[in-house]
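Trainee: Pasting a structure below so you can have a look.
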Amino acid sequence: MKKLIVFNWKMSPRGAKEAQKILSVLKVKNHQTKADIVVCPPFVYLPISSSFIVNRPSLKLGSQDVFWENPPAGGGAFTGEISPKMLKNLGVKYVIIGHSERREHLKETDEMINKKIKAALKAGLKVILCVGENLIIRKKGIGAVKNFIKNQLEKDLQKVKSPLIIAYEPIWAIGTGNYCRPKEAIEIIKFIKSIIHNSKILYGGSVNGKNISDYLNEKEIDGVLVGGASVKINELKRILNEK
Ligand code: PGA
C-alpha cells in the first residue's frame with residue numbers, strides 16, 4: 001500500500017508569500033515522490049494551494065477542519081464556518097477532523113466530530129480523524145490508552161460505515177519533540193486496526209526530517225501526519241528526501 005504523508009500547517013504561515021515558498025518546495029520534490037502527499041493549509045491559503053497542486057498527481061489538498069452543514073440556497077446562517085461543499089468546489093479532497101488542538105481549545109465534542117465526519121463523507125471528502133491520549137492517561141498504562149482510544153472511536157464514528165483515515169496522535173507527542181517510538185505507536189495502531197477495518201492508520205506527533213523514515217519503514221504504519229516540521233523549509237526538504 002502506498003504510504004500517505006499529511007502536512008498540517010496548523011495556523012501558519014503568516015502570509016501568502018511564505019505559503020507560496022512552502023508550496024514551491026513541494027513542487028521541486030514532486031517528481032521523486034513515492035508516497036501520496038496531502039497538504040492541509042489554513043482555509044485562507046486553500047485557493048492558492050489549489051491552483052498550485054493542479055497537474056501534480058501525487059499532491060492532494062486537504063483542509064484542517066469543516067463544518068457539518070451545507071448552505072441552503074440563499075446562504076447558511078453559520079458565521080465563520082466553511083461547508084463540505086465549499087471545500088469540494090475548491091478542489092479539496094481530504095479533511096482533518098477532531099484534531100486534539102480543536103478538541104482542547106475549541107471544545108469540540110465527539111458529537112460535533114461525528115457530525116462533521118458524516119457531512120464530509122457525504123460530500124465525498126476523505127476524512128482524516130485524529131485520536132490520541134494525553135499524558136495523564138498514558139501514565140496509567142497501555143490498557144488505559146487503549147480504552148480511551150476505543151471510546152473516542154466509538155463516539156466519533158457512530159453510524160459511520162465508510163472507510164476513513166485515522167491518525168493516532170498522542171497529545172503528549174504533539175509539538176513537544178517527545179515523539180512516540182515507532183514500536184509503541186505500532187502497538188496502538190494495531191489495536192486501532194483490530195477495531196476499524198479497511199482504514200489507513202497514520203502516526204502523528206513530532207515527526208521530523210530525522211525520524212520520518214523510522215515510521216514509514218514500518219509496514220504497520222500507513223503514513224504520518226506532520227505538523228510543525230511541514231512549514232519549516234529545511235525540515236520539509238529533509239522530509240521529502242528521506243521518504
Ligand atoms: P507536530 O504536530 O508534528 O508539530 O507534533 C502534529 C499534528 O499536527 O498534530
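For the C-alpha cells, the naming scheme is as follows: chains receive sequential letters (A, B, ...) according to their order of presentation, residues are indexed from 1 within each chain, and ligands are indexed from 1 in presentation order.
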I'd like the neighbourhood of Ile166 of chain A as a PyMOL selection string, where a residue qualifies if any of its atoms comes within 7 Å (using only C-alpha atoms), though same-chain residues fewer than 5 positions away should be ignored.
Mentor: chain A and resi 128-130+200-202
Trainee: Could those residues be written to a file, using N, CA and C atoms, as a PDB file, in the first residue's frame?
Mentor:
ATOM      1  N   ILE A 128      -9.697  12.420   7.651  1.00  0.00           N
ATOM      2  CA  ILE A 128      -8.552  12.019   8.480  1.00  0.00           C
ATOM      3  C   ILE A 128      -8.955  12.331   9.924  1.00  0.00           C
ATOM      4  N   LEU A 129      -9.351  11.313  10.646  1.00  0.00           N
ATOM      5  CA  LEU A 129      -9.798  11.517  12.025  1.00  0.00           C
ATOM      6  C   LEU A 129      -8.609  11.368  12.982  1.00  0.00           C
ATOM      7  N   CYS A 130      -8.441  12.373  13.847  1.00  0.00           N
ATOM      8  CA  CYS A 130      -7.341  12.310  14.823  1.00  0.00           C
ATOM      9  C   CYS A 130      -7.846  11.800  16.168  1.00  0.00           C
ATOM     10  N   LYS A 200      -6.748   3.359   6.638  1.00  0.00           N
ATOM     11  CA  LYS A 200      -5.312   3.619   6.774  1.00  0.00           C
ATOM     12  C   LYS A 200      -5.095   4.223   8.149  1.00  0.00           C
ATOM     13  N   ILE A 201      -4.036   3.789   8.832  1.00  0.00           N
ATOM     14  CA  ILE A 201      -3.757   4.366  10.144  1.00  0.00           C
ATOM     15  C   ILE A 201      -2.377   5.029  10.117  1.00  0.00           C
ATOM     16  N   LEU A 202      -2.387   6.326  10.429  1.00  0.00           N
ATOM     17  CA  LEU A 202      -1.158   7.109  10.406  1.00  0.00           C
ATOM     18  C   LEU A 202      -0.664   7.357  11.828  1.00  0.00           C
TER      19      LEU A 202
END
Trainee: Mind listing the residues within 7 Å of ligand 1, only C-alpha atoms and all ligand atoms counted, as a PyMOL selection string?
Mentor: chain A and resi 8+10+99+169+173-177+204-207+225-229
Trainee: Point out the residue among A:Lys150, A:Lys140, A:Lys88, A:Lys159 with the least atom-to-atom distance to Lys115 of chain A, counting only C-alpha atoms.
Mentor: A:Lys159
Trainee: Write out as JSON, numbers by chain which residues come within 9 Å of Gly91 of chain A when counting only C-alpha atoms, dropping same-chain ones fewer than 2 positions away.
Mentor: {"A": [46, 47, 50, 51, 54, 60, 61, 62, 87, 88, 89, 93]}
Trainee: Write a file of the just-selected residues containing N, CA and C atoms, as a tab-separated table (two decimals), in the first residue's frame.
Mentor:
chain	number	residue	atom	x	y	z
A	46	LEU	N	-6.13	28.02	0.91
A	46	LEU	CA	-6.61	26.92	0.07
A	46	LEU	C	-6.66	27.30	-1.41
A	47	PRO	N	-7.17	28.52	-1.75
A	47	PRO	CA	-7.22	28.85	-3.18
A	47	PRO	C	-5.84	28.84	-3.86
A	50	SER	N	-4.64	25.33	-4.07
A	50	SER	CA	-5.43	24.57	-5.04
A	50	SER	C	-4.88	24.78	-6.46
A	51	SER	N	-4.57	26.04	-6.80
A	51	SER	CA	-4.02	26.28	-8.15
A	51	SER	C	-2.64	25.64	-8.26
A	54	VAL	N	-2.72	21.68	-9.05
A	54	VAL	CA	-3.27	21.24	-10.33
A	54	VAL	C	-2.15	20.63	-11.17
A	60	LYS	N	-2.13	16.24	-2.99
A	60	LYS	CA	-3.57	16.46	-2.83
A	60	LYS	C	-3.79	17.55	-1.80
A	61	LEU	N	-4.96	18.17	-1.90
A	61	LEU	CA	-5.26	19.26	-0.99
A	61	LEU	C	-6.18	18.80	0.13
A	62	GLY	N	-5.87	19.24	1.34
A	62	GLY	CA	-6.73	18.92	2.48
A	62	GLY	C	-7.03	20.17	3.27
A	87	LEU	N	-15.57	23.34	0.26
A	87	LEU	CA	-14.22	22.77	0.16
A	87	LEU	C	-14.09	21.95	-1.11
A	88	LYS	N	-15.10	21.12	-1.35
A	88	LYS	CA	-15.11	20.29	-2.56
A	88	LYS	C	-14.93	21.15	-3.81
A	89	ASN	N	-15.67	22.25	-3.84
A	89	ASN	CA	-15.63	23.13	-5.01
A	89	ASN	C	-14.25	23.75	-5.23
A	93	LYS	N	-9.66	17.50	-1.25
A	93	LYS	CA	-10.01	16.08	-1.29
A	93	LYS	C	-10.05	15.44	0.10
Trainee: Please identify all polymer residues within 8 Å of segment 2-6 of chain A, counting only C-alpha atoms, omitting same-chain residues fewer than 2 positions from it, and present them as a list in words.
Mentor: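 Returned residues: Asn8, Lys34, Ala35, Asp36, Ile37, Val38, Val39, Cys40, Leu202, Leu216, Asp222, Gly223, Val224, Leu225 and Val226 of chain A.
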Trainee: Write a file of the just-selected residues containing all heavy atoms, as a CSV table (one decimal), in the first residue's frame.
Mentor:
chain,number,residue,atom,x,y,z
A,8,ASN,N,0.2,19.1,8.0
A,8,ASN,CA,-0.8,20.0,8.7
A,8,ASN,C,-0.1,21.3,9.1
A,8,ASN,O,0.7,21.3,10.0
A,8,ASN,CB,-1.3,19.3,10.0
A,8,ASN,CG,-2.2,20.2,10.8
A,8,ASN,OD1,-2.7,21.2,10.3
A,8,ASN,ND2,-2.4,19.8,12.1
A,34,LYS,N,7.4,8.9,-3.6
A,34,LYS,CA,6.9,7.5,-3.6
A,34,LYS,C,5.6,7.5,-2.8
A,34,LYS,O,4.9,6.5,-2.8
A,34,LYS,CB,8.0,6.6,-3.0
A,34,LYS,CG,9.1,6.3,-4.0
A,34,LYS,CD,10.0,5.2,-3.4
A,34,LYS,CE,11.4,5.6,-3.7
A,34,LYS,NZ,12.2,6.1,-2.5
A,35,ALA,N,5.4,8.5,-1.9
A,35,ALA,CA,4.2,8.5,-1.1
A,35,ALA,C,3.2,9.5,-1.6
A,35,ALA,O,3.6,10.4,-2.4
A,35,ALA,CB,4.6,8.9,0.3
A,36,ASP,N,2.0,9.4,-1.3
A,36,ASP,CA,1.0,10.4,-1.6
A,36,ASP,C,1.1,11.5,-0.6
A,36,ASP,O,1.3,11.2,0.6
A,36,ASP,CB,-0.4,9.8,-1.6
A,36,ASP,CG,-0.7,9.0,-2.8
A,36,ASP,OD1,-0.3,9.4,-3.9
A,36,ASP,OD2,-1.3,7.9,-2.7
A,37,ILE,N,1.0,12.7,-1.0
A,37,ILE,CA,1.2,13.8,-0.1
A,37,ILE,C,-0.1,14.7,0.0
A,37,ILE,O,-0.6,15.0,-1.1
A,37,ILE,CB,2.4,14.7,-0.5
A,37,ILE,CG1,3.7,13.9,-0.3
A,37,ILE,CG2,2.4,16.0,0.4
A,37,ILE,CD1,4.9,14.6,-0.7
A,38,VAL,N,-0.6,14.9,1.2
A,38,VAL,CA,-1.7,15.8,1.4
A,38,VAL,C,-1.3,17.0,2.1
A,38,VAL,O,-0.7,16.9,3.2
A,38,VAL,CB,-2.8,15.1,2.2
A,38,VAL,CG1,-4.0,16.0,2.4
A,38,VAL,CG2,-3.2,13.8,1.5
A,39,VAL,N,-1.5,18.2,1.5
A,39,VAL,CA,-1.2,19.5,2.1
A,39,VAL,C,-2.4,20.1,2.7
A,39,VAL,O,-3.4,20.3,2.0
A,39,VAL,CB,-0.6,20.4,1.1
A,39,VAL,CG1,0.1,21.6,1.8
A,39,VAL,CG2,0.4,19.7,0.1
A,40,CYS,N,-2.3,20.4,4.0
A,40,CYS,CA,-3.5,21.0,4.7
A,40,CYS,C,-3.2,22.4,5.2
A,40,CYS,O,-2.8,22.5,6.4
A,40,CYS,CB,-4.0,20.1,5.8
A,40,CYS,SG,-4.4,18.4,5.4
A,202,LEU,N,-2.4,6.3,10.4
A,202,LEU,CA,-1.2,7.1,10.4
A,202,LEU,C,-0.7,7.4,11.8
A,202,LEU,O,-1.4,7.2,12.8
A,202,LEU,CB,-1.4,8.5,9.7
A,202,LEU,CG,-2.3,8.5,8.5
A,202,LEU,CD1,-2.4,10.0,8.0
A,202,LEU,CD2,-1.7,7.7,7.4
A,216,LEU,N,7.9,5.4,8.4
A,216,LEU,CA,7.5,5.0,7.1
A,216,LEU,C,8.1,3.6,6.7
A,216,LEU,O,7.5,2.9,5.9
A,216,LEU,CB,7.9,6.0,6.0
A,216,LEU,CG,7.2,7.4,6.1
A,216,LEU,CD1,7.6,8.3,5.0
A,216,LEU,CD2,5.7,7.2,6.1
A,222,ASP,N,0.8,3.2,8.1
A,222,ASP,CA,0.4,3.5,6.7
A,222,ASP,C,0.8,4.9,6.3
A,222,ASP,O,0.6,5.3,5.1
A,222,ASP,CB,-1.1,3.4,6.6
A,222,ASP,CG,-1.5,1.9,6.9
A,222,ASP,OD1,-0.8,1.0,6.5
A,222,ASP,OD2,-2.6,1.7,7.5
A,223,GLY,N,1.4,5.7,7.2
A,223,GLY,CA,1.8,7.0,6.9
A,223,GLY,C,2.0,7.9,8.1
A,223,GLY,O,1.9,7.4,9.2
A,224,VAL,N,2.2,9.2,7.9
A,224,VAL,CA,2.5,10.1,9.0
A,224,VAL,C,1.7,11.4,8.8
A,224,VAL,O,1.5,11.8,7.7
A,224,VAL,CB,4.0,10.4,9.2
A,224,VAL,CG1,4.7,9.2,9.8
A,224,VAL,CG2,4.6,10.9,7.9
A,225,LEU,N,1.4,12.0,9.9
A,225,LEU,CA,0.9,13.4,9.9
A,225,LEU,C,1.9,14.3,10.5
A,225,LEU,O,2.3,14.1,11.7
A,225,LEU,CB,-0.4,13.4,10.7
A,225,LEU,CG,-1.4,14.6,10.5
A,225,LEU,CD1,-2.8,14.3,10.8
A,225,LEU,CD2,-0.9,15.8,11.4
A,226,VAL,N,2.4,15.2,9.7
A,226,VAL,CA,3.4,16.1,10.2
A,226,VAL,C,2.9,17.5,10.4
A,226,VAL,O,2.3,18.1,9.5
A,226,VAL,CB,4.6,16.2,9.1
A,226,VAL,CG1,5.8,16.9,9.6
A,226,VAL,CG2,5.0,14.8,8.7
Trainee: Identify which of the residues A:Ile171, A:Arg14, A:Asp65, A:Ile189 lies closest to Leu135 of chain A, counting only C-alpha atoms when measuring atom-to-atom distances.
Mentor: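 For Leu135 of chain A, the nearest of the candidates is A:Ile171.
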Trainee: Counting only C-alpha atoms, which residue out of A:Pro57, A:Pro84, A:Gly132, A:Pro71 sits closest to Ala120 of chain A?
Mentor: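 That would be A:Pro84, the residue with the smallest distance to Ala120 of chain A.
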Trainee: According to DSSP computed on the backbone, where in segment 86-216 of chain A is there strand (DSSP E or B)? Give the residues as a list in words.
Mentor: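 Here is the list: Tyr94, Val95, Ile96, Ile97, Lys126, Val127, Ile128, Leu129, Cys130, Val131, Ile165, Ile166, Ala167, Tyr168, Lys200, Ile201, Leu202, Tyr203 and Gly204 of chain A.
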Trainee: Please write the residues from the selection above to a file, keeping N, CA and C atoms, as a compact mmCIF listing (two decimals), in the first residue's frame.
Mentor:
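Final output, again-v7.txt:
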# COMPACT_ATOMS: atom_id res chain seq x y z
N TYR A 94 -9.28 16.00 1.01
CA TYR A 94 -9.17 15.43 2.36
C TYR A 94 -9.55 16.47 3.40
N VAL A 95 -9.99 15.99 4.57
CA VAL A 95 -10.22 16.93 5.66
C VAL A 95 -9.80 16.29 6.98
N ILE A 96 -9.02 17.05 7.75
CA ILE A 96 -8.65 16.61 9.10
C ILE A 96 -9.82 16.95 10.02
N ILE A 97 -10.26 15.98 10.80
CA ILE A 97 -11.35 16.23 11.74
C ILE A 97 -10.94 15.71 13.12
N LYS A 126 -12.39 12.83 1.83
CA LYS A 126 -11.76 11.76 2.61
C LYS A 126 -11.42 12.31 3.99
N VAL A 127 -11.85 11.58 4.99
CA VAL A 127 -11.70 12.07 6.36
C VAL A 127 -10.44 11.52 7.01
N ILE A 128 -9.70 12.42 7.65
CA ILE A 128 -8.55 12.02 8.48
C ILE A 128 -8.96 12.33 9.92
N LEU A 129 -9.35 11.31 10.65
CA LEU A 129 -9.80 11.52 12.03
C LEU A 129 -8.61 11.37 12.98
N CYS A 130 -8.44 12.37 13.85
CA CYS A 130 -7.34 12.31 14.82
C CYS A 130 -7.85 11.80 16.17
N VAL A 131 -7.14 10.84 16.70
CA VAL A 131 -7.43 10.35 18.05
C VAL A 131 -6.11 10.27 18.82
N ILE A 165 -9.42 7.58 7.15
CA ILE A 165 -8.04 7.53 7.59
C ILE A 165 -8.03 7.95 9.06
N ILE A 166 -7.28 7.22 9.85
CA ILE A 166 -7.20 7.60 11.26
C ILE A 166 -5.75 7.95 11.58
N ALA A 167 -5.58 9.08 12.26
CA ALA A 167 -4.23 9.45 12.69
C ALA A 167 -4.14 9.23 14.19
N TYR A 168 -3.25 8.33 14.59
CA TYR A 168 -3.00 8.16 16.02
C TYR A 168 -2.01 9.24 16.43
N LYS A 200 -6.75 3.36 6.64
CA LYS A 200 -5.31 3.62 6.77
C LYS A 200 -5.09 4.22 8.15
N ILE A 201 -4.04 3.79 8.83
CA ILE A 201 -3.76 4.37 10.14
C ILE A 201 -2.38 5.03 10.12
N LEU A 202 -2.39 6.33 10.43
CA LEU A 202 -1.16 7.11 10.41
C LEU A 202 -0.66 7.36 11.83
N TYR A 203 0.59 7.76 11.93
CA TYR A 203 1.09 8.24 13.21
C TYR A 203 1.37 9.73 13.09
N GLY A 204 1.09 10.48 14.15
CA GLY A 204 1.41 11.90 14.18
C GLY A 204 1.88 12.33 15.55
Trainee: Please give the complete set of residues from segment 50-128 of chain A that DSSP, run on the backbone, assigns to helix (DSSP H, G or I), formatted as a list in words.
Mentor: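 Result set for segment 50-128 of chain A (helix (DSSP H, G or I)): Ser50, Ser51, Phe52, Ile53, Pro84, Lys85, Met86, Leu87, Lys88, Asn89, Ser100, Glu101, Arg102, Arg103, Glu104, His105, Asp110, Glu111, Met112, Ile113, Asn114, Lys115, Lys116, Ile117, Lys118, Ala119, Ala120, Leu121 and Lys122 of chain A.
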Trainee: Go ahead and write the selection's residues with N, CA and C atoms as a tab-separated table (two decimals), in the first residue's frame.
Mentor:
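In the end it all went to part_10.tsv:
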chain	number	residue	atom	x	y	z
A	50	SER	N	-4.64	25.33	-4.07
A	50	SER	CA	-5.43	24.57	-5.04
A	50	SER	C	-4.88	24.78	-6.46
A	51	SER	N	-4.57	26.04	-6.80
A	51	SER	CA	-4.02	26.28	-8.15
A	51	SER	C	-2.64	25.64	-8.26
A	52	PHE	N	-1.92	25.60	-7.15
A	52	PHE	CA	-0.58	25.04	-7.19
A	52	PHE	C	-0.57	23.53	-7.47
A	53	ILE	N	-1.52	22.81	-6.86
A	53	ILE	CA	-1.48	21.35	-6.99
A	53	ILE	C	-2.07	20.81	-8.30
A	84	PRO	N	-18.69	21.50	3.75
A	84	PRO	CA	-18.02	20.47	2.95
A	84	PRO	C	-18.06	20.77	1.45
A	85	LYS	N	-19.20	21.26	0.97
A	85	LYS	CA	-19.30	21.51	-0.47
A	85	LYS	C	-18.42	22.67	-0.93
A	86	MET	N	-18.28	23.66	-0.06
A	86	MET	CA	-17.37	24.78	-0.40
A	86	MET	C	-15.96	24.25	-0.61
A	87	LEU	N	-15.57	23.34	0.26
A	87	LEU	CA	-14.22	22.77	0.16
A	87	LEU	C	-14.09	21.95	-1.11
A	88	LYS	N	-15.10	21.12	-1.35
A	88	LYS	CA	-15.11	20.29	-2.56
A	88	LYS	C	-14.93	21.15	-3.81
A	89	ASN	N	-15.67	22.25	-3.84
A	89	ASN	CA	-15.63	23.13	-5.01
A	89	ASN	C	-14.25	23.75	-5.23
A	100	SER	N	-6.63	17.19	18.16
A	100	SER	CA	-6.67	17.41	19.62
A	100	SER	C	-6.62	18.90	19.99
A	101	GLU	N	-5.98	19.72	19.11
A	101	GLU	CA	-5.93	21.15	19.42
A	101	GLU	C	-7.33	21.76	19.32
A	102	ARG	N	-8.14	21.26	18.41
A	102	ARG	CA	-9.52	21.75	18.31
A	102	ARG	C	-10.38	21.18	19.45
A	103	ARG	N	-10.12	19.93	19.78
A	103	ARG	CA	-10.87	19.35	20.90
A	103	ARG	C	-10.59	20.16	22.16
A	104	GLU	N	-9.33	20.56	22.33
A	104	GLU	CA	-8.96	21.27	23.55
A	104	GLU	C	-9.36	22.75	23.52
A	105	HIS	N	-8.88	23.48	22.51
A	105	HIS	CA	-9.07	24.93	22.53
A	105	HIS	C	-10.46	25.37	22.06
A	110	ASP	N	-17.11	14.93	20.87
A	110	ASP	CA	-17.22	13.77	20.00
A	110	ASP	C	-18.48	13.85	19.13
A	111	GLU	N	-19.53	14.44	19.71
A	111	GLU	CA	-20.77	14.57	18.95
A	111	GLU	C	-20.59	15.50	17.74
A	112	MET	N	-19.90	16.61	17.96
A	112	MET	CA	-19.63	17.54	16.86
A	112	MET	C	-18.74	16.88	15.81
A	113	ILE	N	-17.76	16.16	16.30
A	113	ILE	CA	-16.83	15.48	15.39
A	113	ILE	C	-17.56	14.44	14.56
A	114	ASN	N	-18.45	13.72	15.19
A	114	ASN	CA	-19.26	12.72	14.47
A	114	ASN	C	-20.10	13.39	13.36
A	115	LYS	N	-20.68	14.53	13.67
A	115	LYS	CA	-21.48	15.23	12.65
A	115	LYS	C	-20.60	15.71	11.49
A	116	LYS	N	-19.42	16.20	11.83
A	116	LYS	CA	-18.50	16.68	10.80
A	116	LYS	C	-18.07	15.53	9.90
A	117	ILE	N	-17.77	14.39	10.51
A	117	ILE	CA	-17.31	13.23	9.72
A	117	ILE	C	-18.41	12.82	8.73
A	118	LYS	N	-19.63	12.72	9.23
A	118	LYS	CA	-20.74	12.29	8.35
A	118	LYS	C	-20.94	13.26	7.20
A	119	ALA	N	-20.91	14.55	7.52
A	119	ALA	CA	-21.14	15.56	6.47
A	119	ALA	C	-20.01	15.54	5.44
A	120	ALA	N	-18.79	15.38	5.92
A	120	ALA	CA	-17.64	15.37	5.00
A	120	ALA	C	-17.69	14.16	4.08
A	121	LEU	N	-17.99	13.01	4.65
A	121	LEU	CA	-18.05	11.79	3.83
A	121	LEU	C	-19.17	11.90	2.80
A	122	LYS	N	-20.28	12.45	3.24
A	122	LYS	CA	-21.42	12.61	2.33
A	122	LYS	C	-21.06	13.49	1.13
Trainee: Name all residues at most 12 Å from Asn151 of chain A (count only C-alpha atoms; drop same-chain ones fewer than 2 positions away) and give them as a list in words.
Mentor: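 Within the cut-off, the hits are Asp110, Val131, Gly132, Glu133, Ala144, Val145, Lys146, Asn147, Phe148, Ile149, Leu153, Glu154, Lys155, Asp156, Leu157, Gln158, Ile192 and Ile195 of chain A.
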Trainee: Quick one: residues within 10 Å of segment 16-27 of chain A, only C-alpha atoms counted, chain neighbours fewer than 2 positions away excluded, as an NGL selection string?
Mentor: :A and (9 or 12-14 or 29-31 or 33 or 37 or 39 or 41-42 or 44-45 or 48-49 or 52-53 or 56 or 59 or 230-234 or 236-237 or 240)
Trainee: With only C-alpha atoms as the atoms that count, which of A:Ile136, A:Ile188, A:Cys180, A:Ile196 lies nearest to Pro163 of chain A?
Mentor: A:Ile196
Trainee: Kindly indicate which residue among A:Lys219, A:Arg138, A:Lys210, A:His197 lies nearest to Pro170 of chain A, using only C-alpha atoms for the distances.
Mentor: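 Nearest to Pro170 of chain A: A:Arg138.
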